[in-house]
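Asker: Pasting in a structure now, in structure tokens, and then I'll have a few things to ask.
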Amino acid sequence: MTAKELELELARIPVSFKVVGIGRQAAEVIDGVKSLHYDCVECLTVESPDDCIPSDDDKMAVVVATDNENIANEIAKKYHDAGVLTLGFLLNPDADCYDSVLVNKKVALPDFVSIIKSIIQPIISTGYICYDFNDLDTALRDSGRFAVEAVEAESIESAVAKTQSILTDDISSDKVENIAVHIFLNRQRQASLKMGDMSHLSVMMSQLPDTISVIWSLHFDDDLPVDKLRITTLMAGKEL
């Protein structure tokens, strides 16, 4: 680790996230999030609201339910009322109990793990342009609905084109209020990254409606092949 990377690590303020699963199938999601080995994340599988109480250190709670959604809503309300950023992964949420709920579409259960990873990874990753919990909180606090999309490609130009296709074909951009775009690349690839490459991202963002608040970041992910990069896009809005 270089001196600069160490400085970035030391500058990070620890935050406390909880991922709470209700229901037998949700336990699979909890196990998947545990396998990410994020020190700042506590993973719980619970059966009743009494099994999960907000603490003073909690900053974000992700509530996952495949059944017993009334229990999930009751747990979420506790966190939401305590001022904790509260996200829901369930089909029938009580909107008053959450800051934002994953858009109701056909998402396979294993995909919940990758979506949760996409939400948390930018906060805990080092890179050129950082993104912290306050940025996430601004994007999702009282936002109503959110969606996460990820694309991989060999170049930023290609990845941006795929992302732009999602924003024009799959998501109605006039319903989006906040967007966070995160670029991930292998550390060994950084020497081949040129500032001109970022112009493709700038053009995409300039074509979005002026009503959308946009933030972007650039991070390292050494699990990516050297010849690949990934763009994850978090979109939020009450009418999404």
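By convention here, the chains of the structure tokens are called A, B, ... in the order presented, each chain's residues are numbered starting at 1, and ligands are numbered starting at 1 in the order presented.
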Would you kindly return, as JSON, numbers by chain, each protein, DNA or RNA residue with an atom no farther than 8 Å from any atom of A:Asn73, considering only C-alpha atoms and excluding same-chain residues fewer than 2 positions away?
Answerer: {"A": [69, 70, 71, 75, 76, 77, 93, 94, 97]}
Asker: Keeping only C-alpha atoms, write those residues as a CSV table (one decimal), in the first residue's frame.
Answerer:
```
chain,number,residue,atom,x,y,z
A,69,GLU,CA,-43.3,-8.6,5.1
A,70,ASN,CA,-45.4,-7.2,7.9
A,71,ILE,CA,-42.5,-8.0,10.2
A,75,ILE,CA,-38.4,-3.6,11.7
A,76,ALA,CA,-37.8,-1.0,9.0
A,77,LYS,CA,-40.0,1.5,10.8
A,93,PRO,CA,-43.4,-2.5,1.4
A,94,ASP,CA,-45.1,0.1,3.5
A,97,CYS,CA,-41.3,2.7,6.8
```
Asker: Among stretch 80-156 of chain A, which ones does DSSP place in helix (DSSP H, G or I), written as a count of residues only?
Answerer: 30
Asker: Please provide the set of residues having any atom within 6 Å of stretch 150-166 of chain A, restricted to only C-alpha atoms, with same-chain residues fewer than 5 positions apart removed, written as a ChimeraX atom specification.
Answerer: /A:200,227-232
Asker: Could you check which of A:Arg189, A:His182, A:Lys194, A:Arg145 is closest to A:Leu218, using only C-alpha atoms?
Answerer: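 The closest residue to A:Leu218 is A:His182.
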Asker: Pick the closest to A:Leu102 from A:Pro209, A:Pro49, A:Gly196, A:Gly237: which is it, counting only C-alpha atoms?
Answerer: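 The shortest atom-to-atom distance to A:Leu102 comes from A:Gly237.
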Asker: Which residue is closest to A:Thr211? Choose from A:Ser199, A:Asn186, A:Thr86, A:Asn178 and count only C-alpha atoms.
Answerer: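 Closest candidate: A:Asn178.
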Asker: One decimal, in Å: what's the spacing between atom CA of A:Lys117 and atom CA of A:Asn134?
Answerer: 17.2 Å
Asker: Between A:Phe89, A:Ile183, A:Ala82, A:Ser100, which is the closest to A:Thr126 once you count only C-alpha atoms?
Answerer: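 Smallest distance to A:Thr126 is found for A:Ile183.
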Asker: Looking at only C-alpha atoms, which of A:Asp197, A:Leu224, A:Gly21, A:Glu28 is the one that sits closest to A:Pro110?
Answerer: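 Comparing A:Asp197, A:Leu224, A:Gly21, A:Glu28 against A:Pro110, the winner is A:Glu28.
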Asker: From the options A:Gly23, A:Leu36, A:Asp51, A:Glu177, which residue's atoms come nearest to A:Ala139, counting only C-alpha atoms?
Answerer: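 For A:Ala139, the nearest of the candidates is A:Glu177.
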Asker: Based on DSSP run over this structure's backbone, return all residues of stretch 146-224 of chain A in strand (DSSP E or B), as number ranges by chain.
Answerer: A: 146-153, 178-185, 213-220
Asker: Any idea what the distance is between atom CA of A:Ala236 and atom CA of A:Lys59?
Answerer: 18.7 Å
